[in-house]
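Visitor: So here's model_28.txt, just compact mmCIF, C-alpha atoms:
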# COMPACT_ATOMS: atom_id res chain seq x y z
CA MET A 268 0.00 0.00 0.00
CA LEU A 269 1.46 3.38 -1.05
CA SER A 270 1.51 6.10 1.55
CA PHE A 271 0.63 9.67 0.65
CA LEU A 272 4.33 10.55 0.88
CA GLN A 273 5.05 8.32 -2.11
CA ARG A 274 2.48 9.84 -4.46
CA PRO A 275 3.63 12.52 -6.91
CA LYS A 276 2.72 16.02 -5.84
CA ARG A 277 -0.07 17.59 -7.88
CA ASP A 278 -0.26 21.28 -8.76
CA SER A 279 -3.45 21.58 -6.69
CA GLU A 280 -1.53 20.49 -3.62
CA ALA A 281 0.48 23.70 -3.63
CA ASN A 282 -2.34 25.44 -1.75
CA ASN A 283 -2.90 23.05 1.13
CA THR A 284 -6.09 23.66 3.07
CA LYS A 285 -6.66 22.88 6.73
CA SER A 286 -8.34 19.60 5.85
CA SER A 287 -5.92 18.26 3.24
CA SER A 288 -2.82 19.03 5.33
CA THR A 289 -4.11 17.35 8.49
CA THR A 290 -2.98 13.75 8.78
CA LEU A 291 -4.78 11.23 10.93
CA SER A 292 -1.91 11.20 13.44
CA SER A 293 -1.76 14.97 13.78
CA PHE A 294 -5.53 15.07 14.20
CA PHE A 295 -5.36 12.38 16.89
CA ASP A 296 -2.46 14.04 18.77
CA ASP A 297 -3.60 17.67 18.52
CA HIS A 298 -7.39 17.40 18.55
CA TYR A 299 -8.97 14.03 19.20
CA TYR A 300 -6.96 12.79 22.19
CA PRO A 301 -7.11 16.06 24.19
CA HIS A 302 -10.88 15.96 23.62
CA ALA A 303 -11.07 12.31 24.73
CA GLN A 304 -9.08 13.04 27.89
CA ALA A 305 -11.56 15.75 28.80
CA THR A 306 -14.74 13.81 27.96
CA LYS A 307 -14.00 10.09 28.38
CA ARG A 308 -13.36 8.24 31.63
CA LEU A 309 -10.81 5.81 30.13
CA ALA A 310 -9.20 7.84 27.34
CA TYR A 311 -5.95 5.88 27.60
CA HIS A 312 -7.73 2.94 25.93
CA ASP A 313 -8.06 5.05 22.77
CA ASP A 314 -4.39 5.97 22.96
CA SER A 315 -3.42 2.30 23.23
CA VAL A 316 -5.61 1.27 20.28
CA TYR A 317 -4.35 4.12 18.11
CA ARG A 318 -0.71 3.51 18.93
CA THR A 319 -0.94 -0.26 18.33
CA HIS A 320 -3.33 -0.55 15.40
CA LEU A 321 -3.63 2.76 13.55
CA ARG A 322 -0.59 5.00 13.79
CA GLU A 323 1.76 2.94 11.61
CA LYS A 324 -0.83 1.81 9.06
CA LEU A 325 -3.01 4.90 8.67
CA GLY A 326 -1.36 7.75 10.58
CA ALA A 327 0.42 9.37 7.60
CA TYR A 328 -2.73 9.66 5.48
CA PRO A 329 -4.37 13.09 5.14
CA LEU A 330 -7.89 12.85 6.55
CA GLU A 331 -9.64 13.32 3.22
CA GLU A 332 -7.61 10.48 1.66
CA LEU A 333 -8.85 7.91 4.15
CA THR A 334 -11.27 6.49 1.62
CA ASN A 335 -13.38 3.35 1.80
CA SER A 336 -10.82 1.35 -0.16
CA VAL A 337 -7.97 2.32 2.19
CA LEU A 338 -10.01 1.56 5.31
CA ASP A 339 -11.40 -1.72 3.93
CA ILE A 340 -7.86 -2.95 3.29
CA TRP A 341 -6.93 -1.97 6.85
CA VAL A 342 -9.85 -4.01 8.21
CA ARG A 343 -9.07 -6.93 5.91
CA ASP A 344 -5.45 -7.03 7.07
CA GLN A 345 -6.62 -7.37 10.68
CA VAL A 346 -8.94 -10.23 9.80
CA THR A 347 -6.11 -11.97 7.94
CA ALA A 348 -3.81 -11.43 10.93
CA GLY A 349 -6.24 -13.41 13.09
CA TYR A 350 -7.71 -10.70 15.31
CA LYS A 351 -11.10 -11.44 16.85
CA ARG A 352 -13.96 -9.69 15.12
CA SER A 353 -15.06 -8.11 18.38
CA THR A 354 -11.56 -6.63 18.76
CA ILE A 355 -11.55 -5.30 15.19
CA ASN A 356 -14.93 -3.71 15.79
CA LYS A 357 -13.45 -1.73 18.69
CA HIS A 358 -10.77 -0.44 16.31
CA ILE A 359 -13.43 0.41 13.73
CA HIS A 360 -15.43 2.29 16.35
CA LEU A 361 -12.43 4.51 17.12
CA VAL A 362 -11.78 5.31 13.43
CA ASN A 363 -15.45 6.13 12.82
CA ARG A 364 -15.56 8.38 15.88
CA MET A 365 -12.41 10.22 14.81
CA LEU A 366 -13.66 10.82 11.27
CA ASN A 367 -17.07 11.96 12.51
CA LEU A 368 -15.44 14.51 14.82
CA ALA A 369 -13.09 15.61 12.02
CA ARG A 370 -16.14 16.42 9.88
CA ARG A 371 -17.89 18.16 12.75
CA TRP A 372 -14.85 20.31 13.53
CA GLY A 373 -14.17 21.25 9.90
CA HIS A 374 -11.03 19.21 9.27
CA ILE A 375 -12.91 17.30 6.55
CA THR A 376 -14.80 19.86 4.51
CA THR A 377 -16.12 17.89 1.54
CA TYR A 378 -18.69 15.11 1.34
CA SER A 379 -17.62 12.00 -0.54
CA GLN A 380 -19.39 8.75 -1.31
CA ASN A 381 -15.97 7.12 -1.05
CA GLN A 382 -15.55 8.08 2.61
CA GLN A 383 -18.36 6.53 4.58
CA ASN A 384 -18.24 5.09 8.09
CA ILE A 385 -16.81 1.59 8.20
CA LYS A 386 -19.40 -1.13 8.74
CA LYS A 387 -18.72 -3.27 11.76
CA LEU A 388 -18.08 -6.97 11.26
CA THR A 389 -20.71 -9.52 12.25
CA GLU A 390 -19.70 -11.27 15.44
CA GLY A 391 -22.19 -14.13 15.55
CA ASP A 392 -24.51 -14.92 18.42
CA TYR A 393 -23.83 -13.38 21.81
CA THR A 394 -22.47 -16.00 24.19
CA GLN A 395 -22.82 -16.01 27.94
CA ARG A 396 -20.76 -17.96 30.43
CA PHE A 397 -22.04 -18.69 33.91
CA LEU A 398 -19.94 -20.21 36.66
CA SER A 399 -21.32 -22.96 38.80
CA VAL A 400 -20.81 -22.71 42.56
CA SER A 401 -17.95 -25.23 42.40
CA GLU A 402 -16.28 -23.40 39.48
CA ALA A 403 -16.52 -20.12 41.38
CA ALA A 404 -14.87 -21.78 44.37
CA ASP A 405 -12.04 -23.12 42.18
CA LEU A 406 -11.52 -19.67 40.65
CA LEU A 407 -11.35 -17.95 44.02
CA ALA A 408 -8.91 -20.55 45.34
CA ALA A 409 -6.61 -19.90 42.36
CA CYS A 410 -6.90 -16.12 42.84
CA LYS A 411 -6.04 -16.44 46.52
CA LYS A 412 -2.82 -18.31 45.68
CA HIS A 413 -1.71 -15.69 43.14
CA SER A 414 1.00 -13.20 44.10
CA ASN A 415 -1.11 -10.17 43.20
CA PRO A 416 -2.12 -8.75 46.60
CA PHE A 417 -5.60 -7.67 45.53
CA LEU A 418 -6.74 -10.13 42.84
CA PHE A 419 -8.60 -12.38 45.29
CA PHE A 420 -10.55 -9.47 46.79
CA PHE A 421 -11.22 -7.90 43.38
CA VAL A 422 -12.71 -11.09 41.92
CA GLN A 423 -14.71 -11.74 45.10
CA LEU A 424 -16.23 -8.26 44.92
CA LEU A 425 -17.25 -8.69 41.27
CA LEU A 426 -18.96 -12.00 42.08
CA LEU A 427 -20.74 -10.49 45.08
CA THR A 428 -21.97 -7.30 43.40
CA GLY A 429 -22.18 -7.89 39.65
CA ALA A 430 -20.16 -4.70 39.17
CA ARG A 431 -18.25 -4.04 35.98
CA LYS A 432 -14.48 -4.37 36.23
CA GLY A 433 -14.01 -0.70 35.37
CA GLU A 434 -16.38 0.37 38.15
CA ALA A 435 -14.51 -1.72 40.73
CA GLY A 436 -11.10 -0.69 39.43
CA LEU A 437 -11.85 3.02 39.91
CA MET A 438 -13.71 2.70 43.21
CA ARG A 439 -12.52 5.03 45.96
CA TRP A 440 -13.11 4.63 49.69
CA ARG A 441 -15.30 7.73 49.71
CA ASP A 442 -17.72 5.99 47.32
CA ILE A 443 -18.70 3.45 49.99
CA ASP A 444 -21.30 4.12 52.68
CA PHE A 445 -20.71 1.30 55.14
CA ASP A 446 -23.68 2.30 57.31
CA SER A 447 -26.19 2.25 54.46
CA ARG A 448 -24.34 -0.62 52.75
CA VAL A 449 -24.32 1.27 49.45
CA TRP A 450 -21.52 1.78 46.94
CA THR A 451 -22.09 4.80 44.69
CA VAL A 452 -20.46 4.63 41.27
CA PRO A 453 -19.94 8.29 40.27
CA ARG A 454 -20.08 7.53 36.58
CA SER A 455 -21.20 4.21 35.17
CA LYS A 456 -21.12 2.88 31.61
CA ASN A 457 -24.13 4.96 30.55
CA GLY A 458 -22.51 8.14 31.89
CA ARG A 459 -24.74 8.42 34.95
CA SER A 460 -24.08 7.55 38.57
CA ARG A 461 -25.56 4.39 40.05
CA ARG A 462 -25.91 2.75 43.43
CA ILE A 463 -24.78 -0.80 44.13
CA MET A 464 -26.26 -2.61 47.12
CA LEU A 465 -23.63 -4.32 49.28
CA SER A 466 -24.29 -7.62 51.01
CA SER A 467 -22.73 -8.57 54.32
CA ALA A 468 -20.24 -10.73 52.41
CA ALA A 469 -19.28 -7.80 50.16
CA LEU A 470 -18.68 -5.60 53.21
CA LYS A 471 -16.37 -8.27 54.65
CA VAL A 472 -14.39 -8.29 51.40
CA LEU A 473 -14.00 -4.51 51.56
CA ASP A 474 -12.86 -4.74 55.18
CA ALA A 475 -10.29 -7.37 54.19
CA THR A 476 -9.15 -5.17 51.29
CA ASN A 477 -8.66 -2.27 53.68
CA THR A 478 -6.59 -4.47 56.01
CA GLN A 479 -4.47 -5.66 53.08
CA ALA A 480 -3.85 -2.08 51.92
CA GLU A 481 -2.73 -1.02 55.39
CA ARG A 482 -0.46 -4.06 55.64
CA LEU A 483 1.20 -2.96 52.38
CA GLY A 484 1.64 0.58 53.67
CA LEU A 485 -0.92 2.07 51.27
CA ASP A 486 -3.10 5.04 52.13
CA THR A 487 -6.77 4.35 52.73
CA ASP A 488 -7.95 7.95 52.91
CA PRO A 489 -11.41 8.66 51.40
CA ALA A 490 -9.92 9.92 48.11
CA CYS A 491 -7.69 6.85 47.65
CA TYR A 492 -8.54 3.97 45.35
CA VAL A 493 -9.75 0.80 47.06
CA PHE A 494 -7.52 -1.29 44.80
CA THR A 495 -4.29 0.71 44.71
CA ASN A 496 -1.32 -0.67 42.82
CA PRO A 497 1.60 -0.72 45.31
CA GLN A 498 4.07 0.02 42.50
CA THR A 499 2.31 2.96 40.83
CA GLN A 500 0.44 4.22 43.92
CA THR A 501 -2.67 4.68 41.79
CA ALA A 502 -5.47 2.49 40.45
CA TYR A 503 -4.55 -0.64 38.54
CA HIS A 504 -4.88 -0.21 34.78
CA SER A 505 -6.18 -3.77 34.75
CA PHE A 506 -5.91 -7.12 36.49
CA TYR A 507 -5.64 -8.99 33.20
CA ALA A 508 -2.11 -10.41 33.60
CA SER A 509 -2.92 -11.86 37.03
CA TRP A 510 -6.43 -12.83 35.95
CA PHE A 511 -5.27 -14.96 33.03
CA VAL A 512 -2.85 -16.91 35.22
CA ALA A 513 -5.41 -17.61 37.95
CA ARG A 514 -8.18 -18.37 35.47
CA ASP A 515 -6.03 -20.94 33.65
CA GLU A 516 -4.90 -22.43 36.95
CA ALA A 517 -8.56 -23.03 37.79
CA GLY A 518 -9.14 -24.76 34.44
CA LEU A 519 -11.38 -21.96 33.15
CA THR A 520 -9.33 -20.94 30.13
CA LYS A 521 -12.15 -19.22 28.22
CA LEU A 522 -13.64 -17.34 31.15
CA ARG A 523 -13.80 -13.54 30.82
CA ILE A 524 -13.86 -11.12 33.75
CA HIS A 525 -17.23 -9.85 32.49
CA ASP A 526 -18.60 -13.37 32.94
CA LEU A 527 -18.46 -12.76 36.70
CA ARG A 528 -21.23 -10.21 36.16
CA HIS A 529 -23.24 -12.81 34.22
CA THR A 530 -22.65 -15.30 37.04
CA TYR A 531 -23.97 -12.83 39.63
CA ALA A 532 -27.15 -12.37 37.57
CA SER A 533 -27.62 -16.10 37.01
CA MET A 534 -27.26 -16.92 40.70
CA LEU A 535 -29.87 -14.30 41.56
CA ILE A 536 -32.39 -15.54 39.01
CA ASN A 537 -31.84 -19.22 39.83
CA ASN A 538 -32.72 -18.38 43.41
CA GLY A 539 -36.00 -16.68 42.69
CA VAL A 540 -35.01 -13.03 42.21
CA SER A 541 -37.19 -11.35 39.57
CA LEU A 542 -35.88 -9.86 36.33
CA TYR A 543 -36.98 -6.41 37.51
CA GLU A 544 -34.89 -6.77 40.67
CA VAL A 545 -31.92 -8.05 38.66
CA GLN A 546 -32.26 -5.06 36.32
CA THR A 547 -32.04 -2.72 39.32
CA LEU A 548 -29.12 -4.55 40.92
CA LEU A 549 -27.11 -4.60 37.66
CA GLY A 550 -27.90 -0.97 36.84
CA HIS A 551 -29.41 -1.74 33.44
CA SER A 552 -31.13 1.30 31.92
CA SER A 553 -33.84 -0.86 30.31
CA ILE A 554 -35.44 -4.23 30.94
CA GLN A 555 -34.42 -5.29 27.42
CA MET A 556 -30.82 -5.52 28.58
CA THR A 557 -31.83 -7.84 31.40
CA GLN A 558 -33.97 -10.05 29.14
CA ARG A 559 -30.81 -11.91 28.06
CA TYR A 560 -31.10 -13.76 31.38
CA ALA A 561 -34.81 -14.59 31.01
CA HIS A 562 -34.11 -18.15 29.89
CA LEU A 563 -32.60 -18.86 33.31
CA GLU A 564 -35.89 -18.36 35.11
CA PRO A 565 -37.49 -21.56 36.42
CA ASN A 566 -40.31 -22.61 34.13
CA SER A 567 -43.26 -21.90 36.41
CA LEU A 568 -45.83 -21.20 33.71
CA HIS A 569 -47.56 -24.55 34.20
CA GLU A 570 -47.82 -23.81 37.92
CA ARG A 571 -49.33 -20.41 37.14
CA THR A 572 -52.07 -21.98 34.98
CA GLU A 573 -53.18 -23.96 38.01
CA VAL A 574 -54.07 -20.70 39.75
CA VAL A 575 -56.97 -20.11 37.40
CA GLY A 576 -57.64 -23.82 37.07
CA ASN A 577 -58.22 -24.17 40.79
CA LEU A 578 -60.53 -21.18 40.89
CA ILE A 579 -62.67 -22.45 38.02
CA SER A 580 -62.78 -26.03 39.26
CA GLU A 581 -64.08 -24.86 42.64
CA MET A 582 -67.10 -23.18 41.03
CA PRO A 583 -70.39 -25.02 41.38
CA ASN A 584 -71.36 -27.06 38.32
Write out the structure in this file as structure tokens.
Guide:
Amino acid sequence: MLSFLQRPKRDSEANNTKSSSTTLSSFFDDHYYPHAQATKRLAYHDDSVYRTHLREKLGAYPLEELTNSVLDIWVRDQVTAGYKRSTINKHIHLVNRMLNLARRWGHITTYSQNQQNIKKLTEGDYTQRFLSVSEAADLLAACKKHSNPFLFFFVQLLLLTGARKGEAGLMRWRDIDFDSRVWTVPRSKNGRSRRIMLSSAALKVLDATNTQAERLGLDTDPACYVFTNPQTQTAYHSFYASWFVARDEAGLTKLRIHDLRHTYASMLINNGVSLYEVQTLLGHSSIQMTQRYAHLEPNSLHERTEVVGNLISEMPN
């Protein structure tokens, strides 16, 4: 693939406009990333994706020369390289967002049929993984043996609350009301705050986490992160390295951290908690999001028909 630096210079290029002189990398560095840092909670994810998957391949292209053919080849190369389609779709999302903002901010000034948003790849049916009680016990035992000082408590808390890993990773001590047994997430996935109810077991995990932090000489002031990395003295970027080791040790090689949230929901429903209650506990904005767990509900429809049956049968003939 030829880069724009290899193409012969045309006479019309003598008068470079704002849009034609702005490369994707300069737009990312000077405009997009500062905006992401100000508006996104985890902007460093965008920086990592751009640095790893876009800068070398697409960074030198002027924005208006990022046509469908160029972008389709970029997507195809990732498929050929063996990346998961869900991973490629995250990369596509970033490119589409950047180009949309470039148009909005006037860095791309012309409309072209050859520069449309990239279509995401089909990923197949959504799969859910639920841990059994024995599998959860094996996982926790493996986490407890791991050298990471907080992995065991982190995984326990996710299983006991159904929280997202990002919510738990950025939790501060001031977010927890031990008297009311409520954890307030200042900003959840949908951009709003939400409240997470804490069980007695979850409170014990937080107490143990506090004890561990003090043992390691870490501050536990209200503004401090609950899970503070002893090396960086700030929140962990992720627990993935430790998680993969413990997960494999437990024989759960395909388990994802997000599956702990699914497990929390499945254990609730299998023990008689309604979908409406699960929706509230998980912080879903609509019942449609919770419906993915509907198939776990005990099939009590036949029992419900007996309610009317008994009433009718007791009527005098």
Visitor: List the residues sitting within 10 Å of (-12.4, -10.5, 46.0) in the file's frame, using all atoms listed in the file, as a list in words.
Guide: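 Using all atoms listed in the file, the matching residues come out as Leu407, Cys410, Lys411, Phe417, Leu418, Phe419, Phe420, Phe421, Val422, Gln423, Leu424, Leu425, Leu426, Leu427, Ala469, Lys471, Val472, Leu473, Ala475 and Thr476 of chain A.
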Visitor: Would you place a box with edges along x, y and z of the file around all atoms of region 378-394 of chain A listed there, add 5 Å to each of its six sides, and report the centre and edge lengths in Å to one decimal, as JSON?
Guide:
{"center_x": -20.0, "center_y": -0.4, "center_z": 11.4, "size_x": 19.0, "size_y": 41.1, "size_z": 35.5}
Visitor: If you count all atoms listed in the file, which residues fall within 8 Å of region 315-325 of chain A, apart from same-chain ones fewer than 3 positions away, as a PyMOL selection string?
Guide: chain A and resi 291-292+311-312+328+333+341+358
Visitor: For CA of Tyr492 (chain A) and CA of Met438 (chain A), quote the distance in Å rounded to one decimal.
Guide: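 Separation of CA of Tyr492 (chain A) and CA of Met438 (chain A): 5.7 Å.
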Visitor: Calculated over all atoms listed in the file, which of the candidates A:Ala310, A:Val452, A:Leu563, A:Ala517 has the smallest distance to His529 (chain A)?
Guide: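 Of A:Ala310, A:Val452, A:Leu563, A:Ala517, the one nearest His529 (chain A) is A:Leu563, counting all atoms listed in the file.
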Visitor: Could you name the residues that touch Ala561 (chain A) at 10 Å or less, counting all atoms listed in the file, but leaving out those on the same chain fewer than 2 positions away, as a list in words?
Guide: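 Here the qualifying residues turn out to be Ser533, Ile536, Ser541, Leu542, Gln555, Thr557, Gln558, Arg559, Leu563, Glu564 and Pro565 of chain A.
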Visitor: Let me make sure I understand: among A:Asp314, A:Asp515, A:Asp344, A:Asp297, which one has the smallest atom-to-atom distance to Asp405 (chain A) if we use all atoms listed in the file?
Guide: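 Nearest candidate to Asp405 (chain A) out of A:Asp314, A:Asp515, A:Asp344, A:Asp297: A:Asp515.
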Visitor: What does the distance between CA of Lys386 (chain A) and CA of Asn363 (chain A) come to in Å, to one decimal place?
Guide: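 Distance reported for this atom pair: 9.2 Å.
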Visitor: Taking into account all atoms listed in the file, which residue in the set A:Ile375, A:Val449, A:Ile463, A:Val493 is nearest to Asn477 (chain A)?
Guide: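 Closest to Asn477 (chain A) of all the choices is A:Val493.
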Visitor: Tell me which of A:Pro329, A:Gly484, A:Pro583, A:Pro489 sits closest to Arg441 (chain A), counting all atoms listed in the file.
Guide: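 Of all the options, A:Pro489 lies closest to Arg441 (chain A).
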Visitor: What gap, in Å, lies between CA of Lys357 (chain A) and CA of Ala303 (chain A)?
Guide: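 Separating CA of Lys357 (chain A) from CA of Ala303 (chain A) is a distance of 15.5 Å.
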Visitor: Using only C-alpha atoms, can you tell me which of A:Met582, A:Leu485, A:Leu330, A:Val400 comes closest to Leu366 (chain A)?
Guide: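 Using only C-alpha atoms, the shortest distance to Leu366 (chain A) belongs to A:Leu330.
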Visitor: Using only C-alpha atoms, determine which residues lie at most 10 Å from Tyr531 (chain A), disregarding the query and same-chain residues fewer than 3 positions distant; provide the list as an mmCIF file with C-alpha atoms, in the coordinates of the input.
Guide:
data_model
loop_
_atom_site.group_PDB
_atom_site.id
_atom_site.type_symbol
_atom_site.label_atom_id
_atom_site.label_comp_id
_atom_site.auth_asym_id
_atom_site.auth_seq_id
_atom_site.Cartn_x
_atom_site.Cartn_y
_atom_site.Cartn_z
ATOM 1 C CA PHE A 397 -22.040 -18.690 33.910
ATOM 2 C CA LEU A 398 -19.940 -20.210 36.660
ATOM 3 C CA LEU A 425 -17.250 -8.690 41.270
ATOM 4 C CA LEU A 426 -18.960 -12.000 42.080
ATOM 5 C CA LEU A 427 -20.740 -10.490 45.080
ATOM 6 C CA THR A 428 -21.970 -7.300 43.400
ATOM 7 C CA GLY A 429 -22.180 -7.890 39.650
ATOM 8 C CA ALA A 430 -20.160 -4.700 39.170
ATOM 9 C CA ASP A 526 -18.600 -13.370 32.940
ATOM 10 C CA LEU A 527 -18.460 -12.760 36.700
ATOM 11 C CA ARG A 528 -21.230 -10.210 36.160
ATOM 12 C CA MET A 534 -27.260 -16.920 40.700
ATOM 13 C CA LEU A 535 -29.870 -14.300 41.560
ATOM 14 C CA ILE A 536 -32.390 -15.540 39.010
ATOM 15 C CA VAL A 545 -31.920 -8.050 38.660
ATOM 16 C CA LEU A 548 -29.120 -4.550 40.920
ATOM 17 C CA LEU A 549 -27.110 -4.600 37.660
#
Visitor: Please identify all polymer residues within 9 Å of Cys491 (chain A), counting all atoms listed in the file, omitting same-chain residues fewer than 4 positions from it, and present them as an MDAnalysis selection string.
Guide: chainID A and resid 438:441 486:487 495 501:502
Visitor: Write the residues of the preceding selection, restricted to C-alpha atoms, as an mmCIF file, in the coordinates of the input.
Guide:
data_model
loop_
_atom_site.group_PDB
_atom_site.id
_atom_site.type_symbol
_atom_site.label_atom_id
_atom_site.label_comp_id
_atom_site.auth_asym_id
_atom_site.auth_seq_id
_atom_site.Cartn_x
_atom_site.Cartn_y
_atom_site.Cartn_z
ATOM 1 C CA MET A 438 -13.710 2.700 43.210
ATOM 2 C CA ARG A 439 -12.520 5.030 45.960
ATOM 3 C CA TRP A 440 -13.110 4.630 49.690
ATOM 4 C CA ARG A 441 -15.300 7.730 49.710
ATOM 5 C CA ASP A 486 -3.100 5.040 52.130
ATOM 6 C CA THR A 487 -6.770 4.350 52.730
ATOM 7 C CA THR A 495 -4.290 0.710 44.710
ATOM 8 C CA THR A 501 -2.670 4.680 41.790
ATOM 9 C CA ALA A 502 -5.470 2.490 40.450
#
Visitor: Can you work out which one of A:Gln395, A:Leu368, A:Glu331, A:Phe445 has the shortest atom-to-atom distance to Arg523 (chain A), counting all atoms listed in the file?
Guide: A:Gln395
Visitor: May I have the protein, DNA and RNA residues with an atom at most 10 Å from (-11.3, 11.1, 20.9), counting all atoms listed in the file in the file's coordinates, returned as a ChimeraX atom specification?
Guide: /A:294-296,298-307,310,313-314,361-362,364-366,368
Visitor: Within 10 Å of region 456-462 of chain A, counting only C-alpha atoms, which residues show up once you throw out same-chain ones fewer than 3 positions away? Write them as a PDB file with C-alpha atoms, keeping the file's coordinate frame, please.
Guide:
ATOM      1  CA  LYS A 307     -14.000  10.090  28.380  1.00  0.00           C
ATOM      2  CA  ARG A 308     -13.360   8.240  31.630  1.00  0.00           C
ATOM      3  CA  ARG A 431     -18.250  -4.040  35.980  1.00  0.00           C
ATOM      4  CA  GLY A 433     -14.010  -0.700  35.370  1.00  0.00           C
ATOM      5  CA  GLU A 434     -16.380   0.370  38.150  1.00  0.00           C
ATOM      6  CA  ASP A 442     -17.720   5.990  47.320  1.00  0.00           C
ATOM      7  CA  ILE A 443     -18.700   3.450  49.990  1.00  0.00           C
ATOM      8  CA  VAL A 449     -24.320   1.270  49.450  1.00  0.00           C
ATOM      9  CA  TRP A 450     -21.520   1.780  46.940  1.00  0.00           C
ATOM     10  CA  THR A 451     -22.090   4.800  44.690  1.00  0.00           C
ATOM     11  CA  VAL A 452     -20.460   4.630  41.270  1.00  0.00           C
ATOM     12  CA  PRO A 453     -19.940   8.290  40.270  1.00  0.00           C
ATOM     13  CA  LEU A 465     -23.630  -4.320  49.280  1.00  0.00           C
ATOM     14  CA  THR A 547     -32.040  -2.720  39.320  1.00  0.00           C
ATOM     15  CA  LEU A 548     -29.120  -4.550  40.920  1.00  0.00           C
ATOM     16  CA  LEU A 549     -27.110  -4.600  37.660  1.00  0.00           C
ATOM     17  CA  GLY A 550     -27.900  -0.970  36.840  1.00  0.00           C
ATOM     18  CA  HIS A 551     -29.410  -1.740  33.440  1.00  0.00           C
ATOM     19  CA  SER A 552     -31.130   1.300  31.920  1.00  0.00           C
TER      20      SER A 552
END
Visitor: If I only have part of region 422-439 of chain A, can you fill in N, CA and C atoms and write it as an mmCIF file, in the frame of the given file?
Guide:
data_model
loop_
_atom_site.group_PDB
_atom_site.id
_atom_site.type_symbol
_atom_site.label_atom_id
_atom_site.label_comp_id
_atom_site.auth_asym_id
_atom_site.auth_seq_id
_atom_site.Cartn_x
_atom_site.Cartn_y
_atom_site.Cartn_z
ATOM 1 N N VAL A 422 -11.823 -10.100 42.544
ATOM 2 C CA VAL A 422 -12.710 -11.090 41.920
ATOM 3 C C VAL A 422 -13.889 -11.406 42.844
ATOM 4 N N GLN A 423 -13.631 -11.519 44.147
ATOM 5 C CA GLN A 423 -14.710 -11.740 45.100
ATOM 6 C C GLN A 423 -15.763 -10.631 45.004
ATOM 7 N N LEU A 424 -15.295 -9.386 44.952
ATOM 8 C CA LEU A 424 -16.230 -8.260 44.920
ATOM 9 C C LEU A 424 -17.078 -8.274 43.652
ATOM 10 N N LEU A 425 -16.483 -8.629 42.518
ATOM 11 C CA LEU A 425 -17.250 -8.690 41.270
ATOM 12 C C LEU A 425 -18.320 -9.780 41.352
ATOM 13 N N LEU A 426 -17.984 -10.914 41.940
ATOM 14 C CA LEU A 426 -18.960 -12.000 42.080
ATOM 15 C C LEU A 426 -20.078 -11.635 43.046
ATOM 16 N N LEU A 427 -19.766 -10.825 44.041
ATOM 17 C CA LEU A 427 -20.740 -10.490 45.080
ATOM 18 C C LEU A 427 -21.604 -9.283 44.753
ATOM 19 N N THR A 428 -21.218 -8.512 43.734
ATOM 20 C CA THR A 428 -21.970 -7.300 43.400
ATOM 21 C C THR A 428 -22.449 -7.230 41.962
ATOM 22 N N GLY A 429 -21.839 -8.011 41.064
ATOM 23 C CA GLY A 429 -22.180 -7.890 39.650
ATOM 24 C C GLY A 429 -21.655 -6.616 39.031
ATOM 25 N N ALA A 430 -20.723 -5.953 39.701
ATOM 26 C CA ALA A 430 -20.160 -4.700 39.170
ATOM 27 C C ALA A 430 -19.306 -4.968 37.952
ATOM 28 N N ARG A 431 -19.171 -3.959 37.108
ATOM 29 C CA ARG A 431 -18.250 -4.040 35.980
ATOM 30 C C ARG A 431 -16.830 -3.867 36.489
ATOM 31 N N LYS A 432 -15.883 -4.451 35.778
ATOM 32 C CA LYS A 432 -14.480 -4.370 36.230
ATOM 33 C C LYS A 432 -13.984 -2.933 36.300
ATOM 34 N N GLY A 433 -14.430 -2.095 35.364
ATOM 35 C CA GLY A 433 -14.010 -0.700 35.370
ATOM 36 C C GLY A 433 -14.555 0.058 36.571
ATOM 37 N N GLU A 434 -15.784 -0.275 36.983
ATOM 38 C CA GLU A 434 -16.380 0.370 38.150
ATOM 39 C C GLU A 434 -15.598 0.013 39.415
ATOM 40 N N ALA A 435 -15.253 -1.278 39.550
ATOM 41 C CA ALA A 435 -14.510 -1.720 40.730
ATOM 42 C C ALA A 435 -13.079 -1.181 40.712
ATOM 43 N N GLY A 436 -12.480 -1.139 39.531
ATOM 44 C CA GLY A 436 -11.100 -0.690 39.430
ATOM 45 C C GLY A 436 -10.912 0.766 39.817
ATOM 46 N N LEU A 437 -11.949 1.588 39.618
ATOM 47 C CA LEU A 437 -11.850 3.020 39.910
ATOM 48 C C LEU A 437 -12.576 3.402 41.208
ATOM 49 N N MET A 438 -13.012 2.417 41.963
ATOM 50 C CA MET A 438 -13.710 2.700 43.210
ATOM 51 C C MET A 438 -12.775 3.331 44.233
ATOM 52 N N ARG A 439 -13.265 4.368 44.884
ATOM 53 C CA ARG A 439 -12.520 5.030 45.960
ATOM 54 C C ARG A 439 -13.247 4.765 47.283
#
